[in-house]
file structure_18.cif (mmCIF, C-alpha atoms)
data_final
loop_
_atom_site.label_atom_id
_atom_site.label_comp_id
_atom_site.auth_asym_id
_atom_site.auth_seq_id
_atom_site.Cartn_x
_atom_site.Cartn_y
_atom_site.Cartn_z
CA MET V 1239 18.83 -10.54 13.97
CA TYR V 1240 18.50 -9.93 10.21
CA PRO V 1241 15.69 -12.49 9.75
CA ALA V 1242 13.70 -10.83 12.55
CA LEU V 1243 14.20 -7.40 11.00
CA ALA V 1244 13.16 -8.74 7.57
CA ALA V 1245 10.01 -10.18 9.16
CA ALA V 1246 9.31 -6.83 10.84
CA ILE V 1247 9.64 -5.05 7.49
CA LEU V 1248 7.29 -7.62 5.95
CA ALA V 1249 4.75 -6.92 8.71
CA LEU V 1250 5.14 -3.18 8.16
CA HIS V 1251 4.59 -3.73 4.45
CA LEU V 1252 1.38 -5.63 5.15
CA LEU V 1253 0.19 -2.89 7.52
CA PHE V 1254 0.85 -0.28 4.84
CA ILE V 1255 -1.24 -2.25 2.33
CA LEU V 1256 -4.06 -2.53 4.87
CA TRP V 1257 -3.78 1.24 5.46
CA ILE V 1258 -4.14 1.76 1.69
CA LEU V 1259 -7.15 -0.56 1.53
CA PHE V 1260 -9.05 0.61 4.58
CA GLY V 1261 -7.59 3.99 5.55
CA ALA V 1262 -10.52 5.96 4.14
CA THR V 1263 -12.79 4.32 6.70
CA ILE V 1264 -10.97 5.96 9.62
CA THR V 1265 -10.11 9.37 8.20
CA ARG V 1266 -13.47 11.11 8.45
CA ARG V 1267 -13.07 14.41 10.32
CA ARG V 1268 -9.38 13.70 10.89
CA PRO V 1269 -7.49 16.08 8.60
CA LEU V 1270 -4.01 14.79 9.47
CA LEU V 1271 -4.94 11.15 8.84
CA ARG V 1272 -6.82 12.16 5.70
CA GLY V 1273 -3.73 13.89 4.32
CA LEU V 1274 -1.51 10.93 5.19
CA HIS V 1275 -3.92 8.51 3.56
CA LEU V 1276 -4.27 10.58 0.39
CA GLY V 1277 -0.48 10.76 0.13
CA SER V 1278 -0.29 7.01 0.68
CA LEU V 1279 -2.83 6.45 -2.09
CA VAL V 1280 -0.78 8.55 -4.51
CA TRP V 1281 2.34 6.61 -3.53
CA GLY V 1282 0.47 3.32 -3.94
CA ILE V 1283 -0.64 4.23 -7.45
CA LEU V 1284 2.83 5.45 -8.46
CA ILE V 1285 4.64 2.41 -7.09
CA GLU V 1286 2.25 0.10 -8.95
CA ILE V 1287 2.32 1.79 -12.36
CA LEU V 1288 5.93 3.02 -12.51
CA PRO V 1289 9.01 0.79 -12.62
CA TRP V 1290 10.04 1.74 -9.10
CA THR V 1291 10.98 -0.55 -6.24
CA CYS V 1292 9.15 0.11 -3.01
CA PRO V 1293 11.61 1.05 -0.24
CA LEU V 1294 10.04 -1.57 2.01
CA THR V 1295 10.67 -4.27 -0.61
CA TRP V 1296 14.24 -3.05 -1.00
CA ALA V 1297 14.80 -3.07 2.79
CA GLU V 1298 13.31 -6.55 3.17
CA ASN V 1299 15.48 -7.93 0.35
CA TRP V 1300 18.59 -6.27 1.78
CA LEU V 1301 17.93 -7.79 5.20
CA GLU V 1302 17.24 -11.22 3.72
CA VAL V 1303 20.56 -11.16 1.85
CA ARG V 1304 22.35 -10.29 5.11
CA ALA V 1305 20.52 -13.18 6.79
CA GLY V 1306 21.58 -15.63 4.08
CA ILE V 1307 18.05 -15.97 2.70
CA ALA V 1308 17.58 -15.73 -1.06
CA PRO V 1309 15.55 -12.57 -1.71
CA TYR V 1310 12.52 -12.75 -3.94
CA GLN V 1311 12.30 -11.11 -7.35
CA GLY V 1312 9.69 -8.45 -8.10
CA GLY V 1313 7.53 -6.47 -5.73
CA PHE V 1314 5.75 -7.34 -2.54
CA LEU V 1315 2.35 -7.81 -4.19
CA LEU V 1316 3.67 -10.13 -6.86
CA HIS V 1317 5.68 -12.20 -4.43
CA TYR V 1318 3.38 -12.63 -1.45
CA LEU V 1319 -0.14 -11.78 -2.48
CA ASP V 1320 0.08 -13.35 -5.89
CA ALA V 1321 1.41 -16.58 -4.42
CA LEU V 1322 -1.02 -16.70 -1.50
CA VAL V 1323 -4.20 -15.01 -2.60
CA TYR V 1324 -4.17 -14.64 -6.36
CA PRO V 1325 -2.55 -17.67 -7.90
CA ASN V 1326 -2.33 -17.74 -11.71
CA ILE V 1327 -3.31 -14.07 -12.16
CA PRO V 1328 -1.14 -12.16 -14.63
CA PRO V 1329 1.03 -9.44 -13.05
CA GLY V 1330 -0.63 -6.74 -15.16
CA LEU V 1331 -4.06 -7.65 -13.82
CA LEU V 1332 -2.75 -7.70 -10.25
CA THR V 1333 -1.25 -4.23 -10.76
CA GLY V 1334 -4.54 -3.04 -12.25
CA LEU V 1335 -6.44 -4.32 -9.24
CA GLY V 1336 -4.04 -2.52 -6.89
CA VAL V 1337 -4.53 0.75 -8.76
CA ALA V 1338 -8.31 0.18 -8.79
CA VAL V 1339 -8.34 -0.14 -4.99
CA CYS V 1340 -6.50 3.18 -4.72
CA ILE V 1341 -8.91 4.84 -7.15
CA ILE V 1342 -11.90 3.53 -5.19
CA ASN V 1343 -10.43 5.09 -2.04
CA VAL V 1344 -9.93 8.41 -3.83
CA GLY V 1345 -13.56 8.14 -4.99
CA ILE V 1346 -14.64 7.86 -1.36
CA TYR V 1347 -12.91 11.15 -0.64
CA VAL V 1348 -14.45 12.82 -3.69
CA ARG V 1349 -17.90 11.66 -2.62
CA ARG V 1350 -17.37 12.93 0.90
CA PHE V 1351 -16.18 16.26 -0.41
CA GLN V 1352 -19.16 16.56 -2.73
CA ARG V 1353 -21.54 15.85 0.14
CA ARG V 1354 -19.66 18.33 2.35
CA GLU V 1355 -19.32 15.65 5.03
CA LEU V 1356 -15.72 16.55 5.71
CA VAL V 1357 -15.03 19.39 8.09
CA GLY V 1358 -12.09 21.56 7.17
CA TRP V 1359 -11.76 20.90 3.42
#
call {"tool": "encode", "arguments": {"input": "structure_18.cif", "output": "structure tokens"}}
result
Amino acid sequence: MYPALAAAILALHLLFILWILFGATITRRRPLLRGLHLGSLVWGILIEILPWTCPLTWAENWLEVRAGIAPYQGGFLLHYLDALVYPNIPPGLLTGLGVAVCIINVGIYVRRFQRRELVGW
């Protein structure tokens, strides 16, 4: 059961990253989603630049230990994305790219606000 739960947490982690990347595209005229996405962006920036462990990473590691699987070291991005998508990229650059994605999303909101496209700001 623990391996299945660890895999579910991994999937949830991936969904959260996709939400960070593409959430701004579905939040127009949806104040609740917009607020959730902005909060997620702030969390994404903080978790990348501060020495914190993401709760999803912690939960996945905890479940893997219970399942007898050796947990990985470092955060989700460094472990999975670095190994699969960004081989041989220094961790600092990977963190910078993650923060840049969040800043780009915030820029989308600023641009929308400046154009008064959002209802209810």
call {"tool": "closest_residue", "arguments": {"input": "structure_18.cif", "among": "V:Met1239, V:Leu1248, V:Leu1270, V:Ile1285", "to": "Gly1334 of chain V", "atoms": "all atoms listed in the file"}}
result
V:Ile1285
call {"tool": "resolve_selection", "arguments": {"input": "structure_18.cif", "expression": "the PyMOL selection byres ((chain V and resi 1335) around 12)", "output": "count of residues only"}}
result
25
call {"tool": "resolve_selection", "arguments": {"input": "structure_18.cif", "expression": "the PyMOL selection byres ((chain V and resi 1260) around 12)", "output": "PyMOL selection string"}}
result
chain V and resi 1253-1259+1261-1265+1272+1275-1276+1278-1279+1339-1340+1342-1344+1346
call {"tool": "write_last_selection", "arguments": {"input": "structure_18.cif", "atoms": "C-alpha atoms", "output": "compact mmCIF listing (two decimals), in the frame of the given file"}}
result
# COMPACT_ATOMS: atom_id res chain seq x y z
CA LEU V 1253 0.19 -2.89 7.52
CA PHE V 1254 0.85 -0.28 4.84
CA ILE V 1255 -1.24 -2.25 2.33
CA LEU V 1256 -4.06 -2.53 4.87
CA TRP V 1257 -3.78 1.24 5.46
CA ILE V 1258 -4.14 1.76 1.69
CA LEU V 1259 -7.15 -0.56 1.53
CA GLY V 1261 -7.59 3.99 5.55
CA ALA V 1262 -10.52 5.96 4.14
CA THR V 1263 -12.79 4.32 6.70
CA ILE V 1264 -10.97 5.96 9.62
CA THR V 1265 -10.11 9.37 8.20
CA ARG V 1272 -6.82 12.16 5.70
CA HIS V 1275 -3.92 8.51 3.56
CA LEU V 1276 -4.27 10.58 0.39
CA SER V 1278 -0.29 7.01 0.68
CA LEU V 1279 -2.83 6.45 -2.09
CA VAL V 1339 -8.34 -0.14 -4.99
CA CYS V 1340 -6.50 3.18 -4.72
CA ILE V 1342 -11.90 3.53 -5.19
CA ASN V 1343 -10.43 5.09 -2.04
CA VAL V 1344 -9.93 8.41 -3.83
CA ILE V 1346 -14.64 7.86 -1.36
call {"tool": "axis_aligned_box", "arguments": {"input": "structure_18.cif", "around": "segment 1258-1267 of chain V", "padding_each_side": "8 Å", "output": "JSON"}}
result
{"center_x": -8.8, "center_y": 6.9, "center_z": 5.9, "size_x": 25.3, "size_y": 31.0, "size_z": 24.8}
call {"tool": "atom_distance", "arguments": {"input": "structure_18.cif", "atom1": "atom CA of Val1348 of chain V", "atom2": "atom CA of Gly1273 of chain V"}}
result
13.4 Å
call {"tool": "closest_residue", "arguments": {"input": "structure_18.cif", "among": "V:Pro1269, V:Gly1277, V:Pro1241, V:Pro1309", "to": "Thr1295 of chain V", "atoms": "only C-alpha atoms"}}
result
V:Pro1309
